[in-house]
$ cat my_file-v8.txt   # compact mmCIF, C-alpha atoms
# COMPACT_ATOMS: atom_id res chain seq x y z
CA MET A 1 -16.84 16.56 133.61
CA GLN A 2 -17.03 19.16 130.83
CA ILE A 3 -20.25 19.65 128.84
CA SER A 4 -20.96 21.98 125.92
CA PRO A 5 -23.90 24.43 126.05
CA SER A 6 -26.91 24.46 123.78
CA ILE A 7 -26.18 25.86 120.33
CA ASP A 8 -28.17 29.07 120.87
CA LEU A 9 -26.01 29.92 123.92
CA SER A 10 -22.67 28.72 122.54
CA ALA A 11 -21.55 32.23 121.54
CA THR A 12 -21.80 33.30 125.18
CA ILE A 13 -21.12 30.13 127.22
CA LYS A 14 -17.99 28.10 126.49
CA HIS A 15 -18.85 25.02 128.58
CA TYR A 16 -20.05 23.74 131.92
CA LEU A 17 -17.76 22.03 134.43
CA PHE A 18 -18.99 19.64 137.09
CA LEU A 19 -16.35 18.92 139.72
CA THR A 20 -16.37 16.95 142.96
CA THR A 21 -13.72 16.57 145.65
CA LYS A 22 -13.72 14.85 149.01
CA SER A 23 -11.06 15.19 151.67
CA GLU A 24 -11.11 15.28 155.45
CA GLU A 25 -8.03 17.49 155.35
CA VAL A 26 -8.05 21.06 154.07
CA LYS A 27 -7.15 20.90 150.38
CA LYS A 28 -5.62 23.79 148.43
CA LEU A 29 -7.02 24.64 145.00
CA ARG A 30 -4.91 26.74 142.61
CA LEU A 31 -6.81 28.75 139.99
CA PHE A 32 -5.18 30.80 137.25
CA SER A 33 -6.55 32.67 134.26
CA ASP A 34 -7.60 31.01 131.03
CA GLY A 35 -9.00 34.27 129.63
CA ASN A 36 -12.56 33.31 130.54
CA THR A 37 -14.95 34.35 133.32
CA GLY A 38 -17.61 32.35 135.08
CA MET A 39 -20.32 31.60 137.59
CA VAL A 40 -19.88 29.05 140.39
CA PHE A 41 -22.54 27.05 142.21
CA SER A 42 -21.38 25.08 145.26
CA PHE A 43 -23.84 22.42 146.44
CA LYS A 44 -22.04 20.74 149.36
CA ASN A 45 -19.46 22.30 151.67
CA PRO A 46 -18.67 25.85 150.52
CA LEU A 47 -15.33 26.83 149.04
CA ILE A 48 -13.01 28.72 151.39
CA SER A 49 -11.51 32.01 150.25
CA HIS A 50 -8.80 32.19 152.93
CA PHE A 51 -8.13 31.72 156.62
CA THR A 52 -7.89 34.46 159.22
CA GLY A 53 -4.93 34.80 161.54
CA SER A 54 -6.79 32.55 163.97
CA ASP A 55 -7.18 29.88 161.26
CA ILE A 56 -10.89 30.58 160.96
CA PRO A 57 -12.10 29.83 157.40
CA VAL A 58 -13.68 32.65 155.40
CA GLU A 59 -16.22 30.95 153.17
CA LEU A 60 -17.21 31.98 149.67
CA PRO A 61 -20.93 32.32 148.84
CA ASP A 62 -22.81 29.24 147.69
CA SER A 63 -23.12 30.96 144.32
CA PHE A 64 -21.01 33.74 142.83
CA ILE A 65 -19.70 35.20 139.57
CA TYR A 66 -16.04 35.94 138.96
CA GLY A 67 -14.36 38.32 136.55
CA GLN A 68 -10.92 38.27 134.98
CA PRO A 69 -8.23 37.69 137.64
CA ASP A 70 -4.99 39.67 137.58
CA ALA A 71 -2.98 36.78 139.02
CA TYR A 72 -3.30 33.19 140.17
CA GLN A 73 -5.43 32.61 143.25
CA ASP A 74 -5.64 29.95 145.94
CA LEU A 75 -8.93 28.64 147.28
CA TYR A 76 -9.49 25.85 149.80
CA CYS A 77 -11.98 23.10 150.40
CA GLN A 78 -12.65 20.53 153.10
CA GLY A 79 -15.02 17.59 153.19
CA GLU A 80 -17.24 16.92 150.19
CA THR A 81 -17.33 19.66 147.58
CA SER A 82 -19.65 19.58 144.54
CA LEU A 83 -19.32 22.39 142.01
CA MET A 84 -21.13 23.46 138.88
CA ILE A 85 -19.13 26.09 137.02
CA VAL A 86 -20.52 27.99 134.05
CA VAL A 87 -17.49 29.04 132.01
CA PHE A 88 -18.25 31.99 129.75
CA HIS A 89 -16.31 33.03 126.68
CA PRO A 90 -13.96 35.97 127.42
CA HIS A 91 -16.70 38.50 126.57
CA GLY A 92 -19.64 36.33 127.66
CA LEU A 93 -20.21 37.45 131.25
CA SER A 94 -20.11 41.12 130.32
CA GLN A 95 -22.53 40.43 127.46
CA MET A 96 -24.94 38.49 129.68
CA LEU A 97 -24.95 41.02 132.51
CA GLY A 98 -24.77 44.15 130.39
CA VAL A 99 -21.91 45.32 132.63
CA PRO A 100 -18.42 46.40 131.44
CA SER A 101 -15.86 43.69 132.17
CA ARG A 102 -13.50 46.21 133.76
CA GLU A 103 -16.03 46.50 136.62
CA LEU A 104 -15.89 42.72 137.16
CA LYS A 105 -12.11 42.36 137.08
CA ASN A 106 -10.71 40.58 140.17
CA GLN A 107 -14.22 40.43 141.63
CA ARG A 108 -16.18 37.58 143.18
CA ILE A 109 -19.75 38.78 143.48
CA LYS A 110 -22.53 36.93 145.24
CA THR A 111 -25.17 35.88 142.73
CA THR A 112 -28.00 37.37 144.75
CA ASP A 113 -26.21 40.74 144.76
CA VAL A 114 -26.48 40.70 140.97
CA PHE A 115 -29.80 38.94 140.34
CA GLY A 116 -31.63 39.35 143.66
CA ILE A 117 -34.34 36.84 144.49
CA LYS A 118 -34.13 35.31 140.99
CA GLY A 119 -30.54 34.30 141.72
CA ALA A 120 -31.60 32.70 145.00
CA GLU A 121 -34.41 30.83 143.26
CA LEU A 122 -32.04 29.53 140.59
CA TYR A 123 -29.61 28.22 143.20
CA GLU A 124 -32.43 26.51 145.11
CA LYS A 125 -33.70 24.80 141.95
CA LEU A 126 -30.19 23.67 140.99
CA SER A 127 -29.58 22.31 144.49
CA GLU A 128 -32.79 20.28 144.37
CA SER A 129 -32.10 18.90 140.90
CA THR A 130 -30.69 15.37 140.86
CA THR A 131 -29.27 15.19 137.31
CA ILE A 132 -26.64 17.16 135.42
CA THR A 133 -28.90 17.45 132.38
CA ASN A 134 -31.66 19.05 134.42
CA LYS A 135 -29.21 21.43 136.11
CA ILE A 136 -28.02 22.63 132.70
CA ASN A 137 -31.59 23.05 131.44
CA LEU A 138 -32.48 25.15 134.49
CA ALA A 139 -29.40 27.35 134.11
CA GLU A 140 -29.93 27.82 130.38
CA ASP A 141 -33.55 28.85 130.82
CA PHE A 142 -32.29 31.48 133.27
CA PHE A 143 -29.59 32.71 130.87
CA ARG A 144 -31.94 32.89 127.89
CA LYS A 145 -34.24 35.23 129.79
CA LEU A 146 -31.29 37.44 130.73
CA MET A 147 -30.01 37.58 127.16
CA ALA A 148 -33.37 38.26 125.52
CA HIS A 149 -33.02 42.05 125.41
CA ARG A 150 -29.27 42.60 125.48
CA GLN A 151 -27.66 45.03 123.04
CA LEU A 152 -24.50 43.49 121.56
CA SER A 153 -22.39 46.53 120.69
CA ASP A 154 -18.81 45.92 119.47
CA GLN A 155 -19.39 42.14 119.41
CA PRO A 156 -18.19 41.59 115.79
CA LEU A 157 -14.92 43.38 116.61
CA ILE A 158 -14.37 41.42 119.83
CA LEU A 159 -15.25 38.04 118.32
CA ALA A 160 -13.06 38.59 115.26
CA SER A 161 -10.16 39.71 117.47
CA ILE A 162 -10.46 36.72 119.82
CA ASN A 163 -10.55 34.32 116.89
CA PHE A 164 -7.56 36.01 115.26
CA ILE A 165 -5.45 35.86 118.43
CA THR A 166 -6.44 32.24 119.06
CA GLN A 167 -5.74 31.24 115.46
CA TYR A 168 -2.19 32.54 115.76
CA LYS A 169 -1.75 31.05 119.25
CA GLY A 170 -1.20 34.43 120.90
CA LEU A 171 2.04 35.05 119.00
CA LEU A 172 1.19 38.13 116.92
CA PRO A 173 1.78 41.69 118.22
CA VAL A 174 -1.15 44.04 118.76
CA SER A 175 -0.06 46.01 115.68
CA LYS A 176 -0.94 42.97 113.53
CA LEU A 177 -4.34 42.75 115.22
CA ALA A 178 -4.85 46.44 114.41
CA ASP A 179 -3.99 45.78 110.77
CA PHE A 180 -6.41 42.85 110.67
CA THR A 181 -9.35 44.73 112.22
CA GLY A 182 -8.68 48.14 110.73
CA TYR A 183 -8.96 49.71 114.19
CA GLN A 184 -6.29 51.73 115.99
CA GLU A 185 -4.53 50.01 118.88
CA ARG A 186 -6.09 52.41 121.42
CA LYS A 187 -9.59 51.56 120.15
CA LEU A 188 -8.79 47.84 120.43
CA GLU A 189 -7.45 48.27 123.95
CA ARG A 190 -10.57 50.14 125.09
CA ALA A 191 -12.84 47.52 123.52
CA PHE A 192 -10.95 44.61 125.12
CA ILE A 193 -10.93 46.17 128.58
CA ALA A 194 -14.62 47.00 128.31
CA HIS A 195 -15.74 43.59 127.04
CA ILE A 196 -13.07 41.18 128.30
CA GLY A 197 -11.47 43.02 131.22
CA ILE A 198 -7.86 42.84 130.01
CA SER A 199 -5.81 44.27 127.15
CA PRO A 200 -5.23 42.45 123.84
CA LYS A 201 -1.58 41.95 124.83
CA LYS A 202 -2.53 40.35 128.16
CA PHE A 203 -5.14 38.17 126.45
CA SER A 204 -2.54 37.04 123.90
CA THR A 205 -0.15 36.13 126.72
CA ILE A 206 -2.82 33.92 128.29
CA VAL A 207 -3.58 32.24 124.95
CA LYS A 208 0.13 31.52 124.45
CA LEU A 209 0.42 30.03 127.95
CA HIS A 210 -2.51 27.70 127.32
CA VAL A 211 -1.04 26.54 124.03
CA PHE A 212 2.00 25.44 126.01
CA LEU A 213 -0.16 23.89 128.74
CA LYS A 214 -1.89 21.70 126.15
CA GLN A 215 1.50 20.58 124.86
CA LEU A 216 2.64 19.88 128.40
CA ARG A 217 -0.46 17.84 129.11
CA ASP A 218 -0.05 15.77 125.93
CA LYS A 219 3.69 15.11 126.15
CA PRO A 220 6.03 13.96 128.94
CA ILE A 221 7.96 16.91 130.36
CA GLN A 222 11.18 14.95 129.82
CA GLU A 223 10.71 15.52 126.07
CA ASN A 224 12.90 18.63 125.94
CA LEU A 225 11.11 21.40 127.82
CA ALA A 226 13.04 24.13 126.00
CA ALA A 227 11.95 22.87 122.57
CA MET A 228 8.31 22.66 123.67
CA GLY A 229 8.51 26.19 125.04
CA TYR A 230 10.14 27.55 121.90
CA GLU A 231 7.38 25.98 119.79
CA ALA A 232 4.81 27.80 121.95
CA GLY A 233 6.60 31.14 121.52
CA TYR A 234 8.99 31.39 124.49
CA TYR A 235 12.53 32.52 123.72
CA ASP A 236 14.33 29.99 125.87
CA GLN A 237 13.81 27.79 128.91
CA PRO A 238 14.47 30.52 131.55
CA HIS A 239 11.94 32.77 129.81
CA LEU A 240 9.42 29.95 129.73
CA ILE A 241 9.84 29.08 133.42
CA ARG A 242 9.72 32.74 134.48
CA GLU A 243 6.50 33.44 132.56
CA PHE A 244 4.92 30.13 133.56
CA LYS A 245 5.56 30.76 137.25
CA LYS A 246 4.36 34.36 136.99
CA HIS A 247 0.94 33.24 135.73
CA THR A 248 0.47 29.94 137.58
CA GLY A 249 2.66 30.21 140.68
CA LEU A 250 4.21 26.87 139.69
CA THR A 251 7.07 25.61 137.56
CA PRO A 252 6.25 23.42 134.53
CA GLY A 253 7.61 20.46 136.47
CA GLN A 254 5.37 21.13 139.45
CA TYR A 255 2.37 21.52 137.15
CA SER A 256 3.13 18.23 135.39
CA SER A 257 3.39 16.40 138.70
CA ILE A 258 -0.30 17.09 139.42
CA THR A 259 -1.78 13.95 137.90
CA ASP A 260 -5.49 14.69 138.22
CA PRO A 261 -6.23 18.42 137.72
CA LEU A 262 -9.83 19.52 138.14
CA ALA A 263 -9.41 21.52 134.93
CA ILE A 264 -6.42 22.73 132.92
CA ASN A 265 -6.32 25.94 135.02
CA PHE A 266 -7.85 24.62 138.25
CA LEU A 267 -5.63 22.32 140.28
CA SER A 268 -5.99 20.38 143.50
CA TYR A 269 -2.73 19.79 145.35
$ encode --input "my_file-v8.txt" --output "structure tokens"
Amino acid sequence: MQISPSIDLSATIKHYLFLTTKSEEVKKLRLFSDGNTGMVFSFKNPLISHFTGSDIPVELPDSFIYGQPDAYQDLYCQGETSLMIVVFHPHGLSQMLGVPSRELKNQRIKTTDVFGIKGAELYEKLSESTTITNKINLAEDFFRKLMAHRQLSDQPLILASINFITQYKGLLPVSKLADFTGYQERKLERAFIAHIGISPKKFSTIVKLHVFLKQLRDKPIQENLAAMGYEAGYYDQPHLIREFKKHTGLTPGQYSSITDPLAINFLSY
């Protein structure tokens, strides 16, 4: 289930996801980048990061934040899993924490390591809450207090750049973004890495991939994969498959065969 945030937080938080799974067997979860960052609360059995050589599960914290990933990642779950995921806009987590996104890249950080006892208290309140509405209200009260005194340097540049890239579906070169903003490419790159964690070129690549993913979700894959890829900005079918597999670890056909994804970039298989 996907739910929008309150209007006053909508510039920072993109949406909330509430996901549940239940399986006696160990289930693999594939996560790949959508350009956003987030905070995860796990209320039942914890997610598993990986298994040791002795097949002992290494569990993730009950609550953690995650920055921009460099590549797709596999997580695991077993038994009943209940997740609340706060999905931030690409710049949102850095803005909320007052921490450069480059320091969060590829990181999963325990909430209490960031917020101390206040993070533990938030998790306890969320765990005790019995409704989704109340969980969101509790989280948003917490976020409002964090955001109250934040300085929002470079935000107009970042927001305008994100909107420009999204408007053109990730297909314009960085030189066009520089022309649009009036900033040199090096300035744009520094701003993106500081506030989003990746370069404008990398962000554009992710936007382009997700344009194709939306097409793939809405149309049967039998409807000429090459034409769909070309429409999304891929030169030909080999280029499409190569780039798709690089970012997701799957082929378009394998992705399409997953009939009930947890989210467009979070798959159970």
$ closest_residue --input "my_file-v8.txt" --among "A:Lys27, A:Lys125, A:Lys208, A:Arg108" --to "Pro69 of chain A" --atoms "all atoms listed in the file"
A:Arg108
$ closest_residue --input "my_file-v8.txt" --among "A:Phe115, A:Tyr235, A:Phe180, A:Phe51" --to "Asp74 of chain A" --atoms "only C-alpha atoms"
A:Phe51
$ residues_around --input "my_file-v8.txt" --residues "Tyr255 of chain A" --least-positions-apart "6" --cutoff "9 Å" --atoms "all atoms listed in the file" --output "ChimeraX atom specification"
/A:216,248,267
$ residues_around --input "my_file-v8.txt" --residues "Ser63 of chain A" --least-positions-apart "3" --cutoff "7 Å" --atoms "all atoms listed in the file" --output "CSV table (one decimal) with C-alpha atoms, in the coordinates of the input"
chain,number,residue,atom,x,y,z
A,40,VAL,CA,-19.9,29.0,140.4
A,41,PHE,CA,-22.5,27.0,142.2
A,42,SER,CA,-21.4,25.1,145.3
A,110,LYS,CA,-22.5,36.9,145.2
A,111,THR,CA,-25.2,35.9,142.7
$ closest_residue --input "my_file-v8.txt" --among "A:Lys219, A:Lys145, A:Lys201, A:His195" --to "Leu177 of chain A" --atoms "all atoms listed in the file"
A:Lys201
$ atom_distance --input "my_file-v8.txt" --atom1 "atom CA of Leu171 of chain A" --atom2 "atom CA of Tyr234 of chain A"
9.6 Å
$ closest_residue --input "my_file-v8.txt" --among "A:Phe18, A:Val26, A:Ile241, A:Ala263" --to "Ile132 of chain A" --atoms "all atoms listed in the file"
A:Phe18
$ atom_distance --input "my_file-v8.txt" --atom1 "atom CA of Ser268 of chain A" --atom2 "atom CA of Cys77 of chain A"
9.5 Å
$ atom_distance --input "my_file-v8.txt" --atom1 "atom CA of Ile65 of chain A" --atom2 "atom CA of Ser94 of chain A"
11.0 Å
$ axis_aligned_box --input "my_file-v8.txt" --around "segment 167-185 of chain A" --padding-each-side "4 Å" --output "AutoDock Vina command-line options"
--center_x -3.7 --center_y 41.4 --center_z 115.8 --size_x 19.4 --size_y 28.7 --size_z 18.2
$ closest_residue --input "my_file-v8.txt" --among "A:Lys246, A:Arg217, A:Ile198, A:Ser6" --to "Ile258 of chain A" --atoms "all atoms listed in the file"
A:Arg217
$ residues_around --input "my_file-v8.txt" --residues "Val114 of chain A" --least-positions-apart "4" --cutoff "10 Å" --atoms "only C-alpha atoms" --output "list of chain:residue names"
A:Phe64, A:Ile65, A:Leu97, A:Ile109, A:Lys110, A:Lys118, A:Gly119
$ residues_around --input "my_file-v8.txt" --residues "Arg102 of chain A" --least-positions-apart "6" --cutoff "7 Å" --atoms "only C-alpha atoms" --output "PyMOL selection string"
chain A and resi 193-194+197
$ closest_residue --input "my_file-v8.txt" --among "A:Val58, A:Pro156, A:Ile117, A:Tyr123" --to "Met39 of chain A" --atoms "all atoms listed in the file"
A:Tyr123
$ residues_near_point --input "my_file-v8.txt" --point "(-22.9, 32.2, 125.8)" --cutoff "7 Å" --atoms "all atoms listed in the file" --output "ChimeraX atom specification"
/A:9-14,88-89,92
$ residues_around --input "my_file-v8.txt" --residues "Ser23 of chain A" --least-positions-apart "6" --cutoff "7 Å" --atoms "all atoms listed in the file" --output "JSON, numbers by chain"
{"A": [78, 79, 80]}
